[in-house]
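Trainee: Coordinates in protein04.csv, CSV, C-alpha atoms, are listed below.
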```csv
chain,number,residue,atom,x,y,z
L,36,MET,CA,-17.6,2.8,-81.2
L,37,VAL,CA,-18.7,0.7,-78.3
L,38,ARG,CA,-15.2,-0.6,-77.8
L,39,LEU,CA,-13.8,2.9,-78.0
L,40,GLY,CA,-16.3,4.2,-75.4
L,41,PHE,CA,-15.4,1.3,-73.1
L,42,TYR,CA,-11.7,2.2,-73.3
L,43,LEU,CA,-12.3,5.9,-72.7
L,44,LEU,CA,-14.4,5.0,-69.6
L,45,LEU,CA,-11.6,2.6,-68.3
L,46,VAL,CA,-9.0,5.3,-68.8
L,47,THR,CA,-11.2,7.8,-67.0
L,48,LEU,CA,-11.6,5.5,-64.0
L,49,VAL,CA,-7.9,4.7,-63.8
L,50,ALA,CA,-7.1,8.5,-63.8
L,51,VAL,CA,-9.7,9.2,-61.1
L,52,SER,CA,-8.2,6.3,-59.0
L,53,VAL,CA,-4.7,7.5,-59.4
L,54,ASN,CA,-5.6,11.1,-58.5
L,55,TRP,CA,-7.5,9.8,-55.4
L,56,LYS,CA,-4.4,7.8,-54.3
L,57,ILE,CA,-2.1,10.8,-54.9
L,58,GLY,CA,-4.5,12.9,-52.8
L,59,ILE,CA,-4.3,10.5,-49.9
L,60,ILE,CA,-0.5,10.3,-50.0
L,61,GLN,CA,-0.3,14.1,-50.0
L,62,GLU,CA,-2.7,14.3,-47.1
L,63,LYS,CA,-0.6,11.8,-45.1
L,64,ARG,CA,2.6,13.7,-45.9
L,65,SER,CA,1.1,17.0,-44.8
L,66,ALA,CA,-0.2,15.5,-41.5
L,67,GLU,CA,1.7,16.1,-38.3
L,68,VAL,CA,4.2,13.4,-37.5
L,69,VAL,CA,3.9,12.3,-33.9
L,70,SER,CA,6.9,10.5,-32.4
L,71,ILE,CA,8.1,9.7,-28.9
L,72,SER,CA,10.8,12.3,-29.2
L,73,SER,CA,8.5,15.0,-30.2
L,74,GLU,CA,6.1,14.1,-27.4
L,75,TYR,CA,9.0,14.3,-24.9
L,76,LEU,CA,10.0,17.7,-26.3
L,77,LYS,CA,6.4,19.0,-26.1
L,78,TYR,CA,5.2,17.6,-22.8
L,79,GLY,CA,8.3,16.3,-21.1
L,80,LYS,CA,9.4,12.8,-20.2
L,81,PRO,CA,6.9,11.0,-17.9
L,82,VAL,CA,8.2,10.1,-14.5
L,83,GLU,CA,6.8,9.1,-11.1
L,84,VAL,CA,8.2,11.1,-8.2
L,85,TYR,CA,8.3,10.8,-4.4
L,86,THR,CA,8.5,13.7,-2.0
L,87,VAL,CA,11.3,13.2,0.6
L,88,LYS,CA,10.0,13.2,4.1
L,89,ARG,CA,10.9,12.2,7.6
L,90,GLN,CA,9.3,9.0,9.0
L,91,ASN,CA,9.9,6.1,11.3
L,92,LEU,CA,12.0,3.4,9.7
L,93,ASP,CA,11.1,0.1,11.3
L,94,PHE,CA,13.1,-3.2,11.1
L,95,TYR,CA,11.6,-6.6,11.5
L,96,GLU,CA,12.7,-10.2,11.8
L,97,LYS,CA,10.5,-12.9,10.3
L,98,VAL,CA,10.1,-16.1,12.3
L,99,SER,CA,7.8,-19.1,12.1
L,100,GLY,CA,6.3,-21.0,14.9
L,101,SER,CA,3.4,-23.0,16.3
L,102,VAL,CA,0.4,-21.4,18.0
L,103,ASN,CA,-1.9,-22.7,20.8
L,104,LYS,CA,-4.6,-20.2,21.5
L,105,ARG,CA,-2.6,-17.1,22.5
L,106,ASN,CA,0.8,-18.7,22.9
L,107,VAL,CA,3.3,-19.0,20.1
L,108,VAL,CA,6.5,-21.0,20.3
L,109,ALA,CA,9.2,-20.3,17.6
L,110,PHE,CA,12.8,-21.2,17.0
L,111,ILE,CA,15.4,-18.6,15.8
L,112,SER,CA,18.9,-18.5,14.6
L,113,GLN,CA,21.9,-17.1,16.4
L,114,LEU,CA,21.8,-14.0,14.2
L,115,GLN,CA,18.1,-13.4,15.1
L,116,TRP,CA,18.8,-14.2,18.8
L,117,ASN,CA,21.2,-11.2,18.8
L,118,LYS,CA,18.4,-8.9,17.6
L,119,ILE,CA,15.3,-10.2,19.3
L,120,GLU,CA,14.6,-9.2,22.9
L,121,VAL,CA,11.8,-9.8,25.5
L,122,GLY,CA,9.1,-7.1,25.2
L,123,GLN,CA,9.5,-6.5,21.5
L,124,LEU,CA,6.3,-6.2,19.3
L,125,ALA,CA,5.3,-9.2,17.3
L,126,VAL,CA,2.9,-8.8,14.3
L,127,LEU,CA,0.8,-11.7,13.0
L,128,SER,CA,-0.4,-10.2,9.7
L,129,GLN,CA,-2.1,-13.4,8.6
L,130,PHE,CA,-4.7,-13.0,11.4
L,131,SER,CA,-4.5,-9.2,11.8
L,132,THR,CA,-3.3,-9.4,15.4
L,133,LYS,CA,-0.3,-8.5,17.5
L,134,GLY,CA,1.6,-9.7,20.6
L,135,LYS,CA,4.9,-9.4,22.5
L,136,VAL,CA,7.9,-11.5,23.0
L,137,ILE,CA,7.7,-12.9,26.6
L,138,HIS,CA,10.5,-15.5,26.6
L,139,LYS,CA,13.9,-15.9,25.1
L,140,SER,CA,16.0,-19.0,25.7
L,141,ASN,CA,19.7,-18.7,26.3
L,142,GLN,CA,20.3,-22.3,25.4
L,143,ARG,CA,20.1,-24.0,22.0
L,144,ASP,CA,17.4,-26.6,21.5
L,145,ASP,CA,19.0,-30.1,21.5
L,146,MET,CA,16.9,-31.2,18.5
L,147,THR,CA,17.2,-28.2,16.2
L,148,GLY,CA,20.3,-26.4,17.4
L,149,LEU,CA,18.2,-23.2,17.4
L,150,PHE,CA,17.0,-20.9,20.2
L,151,GLN,CA,13.4,-21.0,21.4
L,152,ILE,CA,11.3,-17.8,22.0
L,153,GLY,CA,7.8,-17.4,23.3
L,154,VAL,CA,5.2,-14.8,22.1
L,155,LYS,CA,1.9,-14.0,23.8
L,156,LEU,CA,-0.8,-12.7,21.4
L,157,GLU,CA,-3.1,-9.9,22.4
L,158,GLN,CA,-6.1,-12.2,21.7
L,159,PRO,CA,-6.6,-15.8,20.8
L,160,LEU,CA,-7.1,-16.7,17.2
L,161,GLU,CA,-10.8,-16.7,16.2
L,162,LYS,CA,-10.6,-20.4,15.2
L,163,GLN,CA,-8.4,-23.2,16.0
L,164,TYR,CA,-5.4,-23.1,13.6
L,165,ARG,CA,-3.2,-26.0,12.9
L,166,GLY,CA,0.2,-25.6,11.4
L,167,ASN,CA,3.0,-23.0,11.5
L,168,ILE,CA,2.3,-19.3,11.5
L,169,VAL,CA,4.6,-16.5,10.5
L,170,LEU,CA,5.5,-13.6,12.9
L,171,ASP,CA,7.3,-10.4,12.2
L,172,ILE,CA,9.1,-9.2,15.3
L,173,LYS,CA,10.0,-5.5,15.4
L,174,THR,CA,13.7,-5.4,16.5
L,175,LYS,CA,14.6,-1.8,15.8
L,176,SER,CA,13.2,1.6,14.8
L,177,ILE,CA,15.0,4.7,13.5
L,178,PRO,CA,12.6,7.6,14.4
L,179,HIS,CA,11.9,10.6,12.3
L,180,THR,CA,14.6,10.0,9.7
L,181,LEU,CA,14.8,11.0,6.0
L,182,ALA,CA,13.8,8.0,3.9
L,183,ILE,CA,13.0,7.4,0.2
L,184,PRO,CA,12.0,4.4,-1.9
L,185,PHE,CA,15.0,2.3,-2.6
L,186,SER,CA,13.9,2.1,-6.3
L,187,ALA,CA,15.0,5.8,-6.5
L,188,VAL,CA,18.6,5.0,-5.6
L,189,LYS,CA,21.0,4.4,-8.5
L,190,MET,CA,24.6,3.4,-8.6
L,191,GLU,CA,27.5,5.1,-10.5
L,192,GLY,CA,30.7,3.2,-9.8
L,193,GLU,CA,30.8,3.1,-6.0
L,194,LYS,CA,28.6,6.2,-5.5
L,195,ASN,CA,24.8,6.4,-4.9
L,196,PHE,CA,22.8,9.0,-6.6
L,197,VAL,CA,19.1,9.9,-7.3
L,198,TRP,CA,17.4,11.8,-10.1
L,199,MET,CA,15.8,14.9,-8.6
L,200,VAL,CA,13.1,17.3,-9.9
L,201,THR,CA,13.9,21.0,-9.8
L,202,SER,CA,11.4,23.7,-9.2
L,203,LYS,CA,11.0,24.0,-13.0
L,204,ASP,CA,10.4,20.3,-13.4
L,205,ILE,CA,13.9,19.7,-14.8
L,206,ALA,CA,15.9,16.5,-14.2
L,207,MET,CA,19.0,16.8,-12.1
L,208,LYS,CA,21.4,14.2,-10.8
L,209,LYS,CA,22.4,14.4,-7.1
L,210,TYR,CA,24.8,12.2,-5.1
L,211,ILE,CA,23.6,10.9,-1.8
L,212,LYS,CA,24.8,8.8,1.2
L,213,VAL,CA,22.5,5.8,2.0
L,214,GLY,CA,22.1,4.4,5.5
L,215,LYS,CA,20.0,1.4,6.5
L,216,ARG,CA,17.3,-0.2,4.3
L,217,SER,CA,14.0,-1.5,5.5
L,218,GLY,CA,11.6,-3.1,3.0
L,219,GLU,CA,11.0,-0.6,0.2
L,220,LEU,CA,12.6,2.3,2.0
L,221,ALA,CA,16.2,3.5,2.4
L,222,GLU,CA,17.5,5.9,5.0
L,223,ILE,CA,19.2,9.0,3.6
L,224,LEU,CA,22.2,10.2,5.6
L,225,ASN,CA,23.3,13.0,3.4
L,226,GLY,CA,22.4,14.7,0.1
L,227,LEU,CA,18.7,15.3,0.3
L,228,LYS,CA,16.4,17.6,2.2
L,229,GLU,CA,12.8,17.2,3.3
L,230,GLY,CA,10.3,18.3,0.7
L,231,GLU,CA,12.6,17.6,-2.3
L,232,LYS,CA,11.3,15.4,-5.1
L,233,VAL,CA,13.1,12.3,-6.3
L,234,ILE,CA,12.2,10.2,-9.3
L,235,VAL,CA,11.3,6.6,-8.5
L,236,ARG,CA,10.2,5.4,-12.0
L,237,GLY,CA,11.0,6.5,-15.5
L,238,THR,CA,14.8,7.1,-15.1
L,239,SER,CA,16.1,4.7,-17.8
L,240,LEU,CA,16.0,7.4,-20.6
L,241,LEU,CA,16.8,10.4,-18.4
L,242,GLU,CA,19.5,12.9,-19.1
L,243,LYS,CA,20.6,15.9,-17.3
L,244,ASN,CA,18.3,19.0,-17.8
L,245,ASP,CA,15.5,16.9,-19.4
L,246,GLN,CA,12.1,18.5,-19.2
L,247,LEU,CA,9.8,16.3,-17.1
L,248,ARG,CA,6.1,15.4,-16.8
L,249,LEU,CA,5.3,14.4,-13.3
L,250,ASN,CA,2.9,11.6,-12.6
L,251,GLN,CA,1.1,10.6,-9.3
L,252,GLU,CA,3.3,9.5,-6.5
L,253,PRO,CA,3.4,5.7,-6.0
L,254,LYS,CA,1.9,4.0,-2.9
L,255,LEU,CA,4.4,2.2,-0.8
L,256,VAL,CA,3.8,-1.1,0.9
L,257,GLU,CA,4.2,-0.7,4.7
L,258,ASN,CA,7.6,-1.9,5.7
L,259,SER,CA,6.4,-4.2,8.5
L,260,GLY,CA,7.1,-7.9,8.1
L,261,VAL,CA,9.7,-7.6,5.3
L,262,LYS,CA,13.3,-8.5,5.2
L,263,ASN,CA,15.7,-5.8,6.1
L,264,ASP,CA,19.3,-5.2,4.8
```
Take the structure in this file and express it as structure tokens.

Mentor:
Amino acid sequence: MVRLGFYLLLVTLVAVSVNWKIGIIQEKRSAEVVSISSEYLKYGKPVEVYTVKRQNLDFYEKVSGSVNKRNVVAFISQLQWNKIEVGQLAVLSQFSTKGKVIHKSNQRDDMTGLFQIGVKLEQPLEKQYRGNIVLDIKTKSIPHTLAIPFSAVKMEGEKNFVWMVTSKDIAMKKYIKVGKRSGELAEILNGLKEGEKVIVRGTSLLEKNDQLRLNQEPKLVENSGVKND
């Protein structure tokens, strides 16, 4: 009798365990299945956007030179010589100061084969600095032009396009004509208007007429002191 009671208890425990597991499985099956696709359908595909606006597009040439108090001597290539002129703004970001080009040689240096320029800083460096410094000389500016982050510009064959956001937050492809590029920004010659929104991040999975979820606009790094195309 003791053995029979033991077997009955064991069978009861197994049955309870099986029923418990069946209940968990049924509960999981009845739970809502969350997938990336369903999230996109419900809330839209997440993207970062940028509002097209007019701004000054500045172009800089980066040069290195030696400094003595307020005076900087630098050597530049022929290509840079063609762009740099006396009176242009020079930015010394390393020391948060500025200056102007005051001299531009017309003859190549015998030792380096480069052209010498001189820059006068607005104020002497706070402490004596030994070694080379890096200057960004502003050579050109396109005022009040339409510009967008270059990361928004895509290629299709030989054509440039952007993904735009419609008034109903729908993705739309639009072909554009790109002008000059400076740092993170690209000049837009045709295809966009001020106030329109272009997508700068999140375009890899986009298709036409996709519903979008807009995220905060990215902060751009100021285009001074960067290489220009």

Trainee: Determine, for each residue of stretch 131-220 of chain L having at least one atom at most 10 Å from an atom of stretch 112-121 of chain L, the closest pair of atoms and their separation in Å to one decimal, counting all atoms listed in the file; order by chain and ascending number, as JSON lines.

Mentor:
```
{"residue": "L:Lys135", "atom": "CA", "partner": "L:Val121", "partner_atom": "CA", "distance": 7.5}
{"residue": "L:Val136", "atom": "CA", "partner": "L:Val121", "partner_atom": "CA", "distance": 4.9}
{"residue": "L:Ile137", "atom": "CA", "partner": "L:Val121", "partner_atom": "CA", "distance": 5.3}
{"residue": "L:His138", "atom": "CA", "partner": "L:Val121", "partner_atom": "CA", "distance": 5.9}
{"residue": "L:Lys139", "atom": "CA", "partner": "L:Val121", "partner_atom": "CA", "distance": 6.5}
{"residue": "L:Ser140", "atom": "CA", "partner": "L:Trp116", "partner_atom": "CA", "distance": 8.9}
{"residue": "L:Asn141", "atom": "CA", "partner": "L:Trp116", "partner_atom": "CA", "distance": 8.8}
{"residue": "L:Arg143", "atom": "CA", "partner": "L:Gln113", "partner_atom": "CA", "distance": 9.1}
{"residue": "L:Thr147", "atom": "CA", "partner": "L:Ser112", "partner_atom": "CA", "distance": 10.0}
{"residue": "L:Gly148", "atom": "CA", "partner": "L:Ser112", "partner_atom": "CA", "distance": 8.5}
{"residue": "L:Leu149", "atom": "CA", "partner": "L:Ser112", "partner_atom": "CA", "distance": 5.5}
{"residue": "L:Phe150", "atom": "CA", "partner": "L:Ser112", "partner_atom": "CA", "distance": 6.4}
{"residue": "L:Gln151", "atom": "CA", "partner": "L:Trp116", "partner_atom": "CA", "distance": 9.1}
{"residue": "L:Ile152", "atom": "CA", "partner": "L:Val121", "partner_atom": "CA", "distance": 8.7}
{"residue": "L:Gly153", "atom": "CA", "partner": "L:Val121", "partner_atom": "CA", "distance": 8.9}
{"residue": "L:Val154", "atom": "CA", "partner": "L:Val121", "partner_atom": "CA", "distance": 9.0}
{"residue": "L:Ile172", "atom": "CA", "partner": "L:Ile119", "partner_atom": "CA", "distance": 7.4}
{"residue": "L:Lys173", "atom": "CA", "partner": "L:Ile119", "partner_atom": "CA", "distance": 8.1}
{"residue": "L:Thr174", "atom": "CA", "partner": "L:Ile119", "partner_atom": "CA", "distance": 5.8}
{"residue": "L:Lys175", "atom": "CA", "partner": "L:Lys118", "partner_atom": "CA", "distance": 8.3}
```

Trainee: Given the selection you just returned, output its residues as a file containing C-alpha atoms, formatted as a short mmCIF file (atom, residue, chain, number, x, y, z; two decimals), in the coordinates of the input.

Mentor:
```
data_model
loop_
_atom_site.label_atom_id
_atom_site.label_comp_id
_atom_site.auth_asym_id
_atom_site.auth_seq_id
_atom_site.Cartn_x
_atom_site.Cartn_y
_atom_site.Cartn_z
CA LYS L 135 4.90 -9.40 22.50
CA VAL L 136 7.90 -11.50 23.00
CA ILE L 137 7.70 -12.90 26.60
CA HIS L 138 10.50 -15.50 26.60
CA LYS L 139 13.90 -15.90 25.10
CA SER L 140 16.00 -19.00 25.70
CA ASN L 141 19.70 -18.70 26.30
CA ARG L 143 20.10 -24.00 22.00
CA THR L 147 17.20 -28.20 16.20
CA GLY L 148 20.30 -26.40 17.40
CA LEU L 149 18.20 -23.20 17.40
CA PHE L 150 17.00 -20.90 20.20
CA GLN L 151 13.40 -21.00 21.40
CA ILE L 152 11.30 -17.80 22.00
CA GLY L 153 7.80 -17.40 23.30
CA VAL L 154 5.20 -14.80 22.10
CA ILE L 172 9.10 -9.20 15.30
CA LYS L 173 10.00 -5.50 15.40
CA THR L 174 13.70 -5.40 16.50
CA LYS L 175 14.60 -1.80 15.80
#
```

Trainee: Ranking L:Gly79, L:Gly214, L:Gly237, L:Gly122 by minimum distance to L:Ala182 and counting all atoms listed in the file, which one comes first?

Mentor: L:Gly214

Trainee: Between atom CA of L:Tyr210 and atom CA of L:Lys228, what is the distance in Å, rounded to a tenth?

Mentor: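 Separating atom CA of L:Tyr210 from atom CA of L:Lys228 is a distance of 12.4 Å.
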
Trainee: Restricting the calculation to only C-alpha atoms: of L:Ser128, L:Asn225, L:Asn167, L:Gln123, which residue gets closest to L:Lys212?

Mentor: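 Between L:Ser128, L:Asn225, L:Asn167, L:Gln123, the residue approaching L:Lys212 most closely is L:Asn225.
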
Trainee: Pick out the closest residue to L:Asn244 from this set: L:Thr132, L:Lys80, L:Glu193, L:Arg216. Count all atoms listed in the file.

Mentor: L:Lys80

Trainee: Pick out the closest residue to L:Val98 from this set: L:Met146, L:Leu170, L:Leu127, L:Val84. Count all atoms listed in the file.

Mentor: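 Between L:Met146, L:Leu170, L:Leu127, L:Val84, the residue approaching L:Val98 most closely is L:Leu170.
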
Trainee: L:Pro178: which residues within 9 Å, counting all atoms listed in the file, same-chain residues fewer than 3 positions away excluded, as a PyMOL selection string?

Mentor: chain L and resi 89-93

Trainee: Mind giving me the straight-line distance from atom CA of L:Trp198 to atom CA of L:Leu240 in Å, one decimal?

Mentor: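 Separation between atom CA of L:Trp198 and atom CA of L:Leu240: 11.5 Å.
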
Trainee: Identify which of the residues L:Lys133, L:Lys155, L:Lys88, L:Lys243 lies closest to L:Ile205, counting only C-alpha atoms when measuring atom-to-atom distances.

Mentor: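 Looking at the shortest contact to L:Ile205, the residue is L:Lys243.
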
Trainee: From the options L:Val197, L:Ser202, L:Gly134, L:Phe110, which residue's atoms come nearest to L:Pro159, counting all atoms listed in the file?

Mentor: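 Closest to L:Pro159 of all the choices is L:Gly134.
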
Trainee: Could you pull the residues within 12 Å of L:Arg165, counting all atoms listed in the file, minus those fewer than 2 positions along the same chain, as number ranges by chain?

Mentor: L: 100-104, 107, 160, 162-163, 167-168
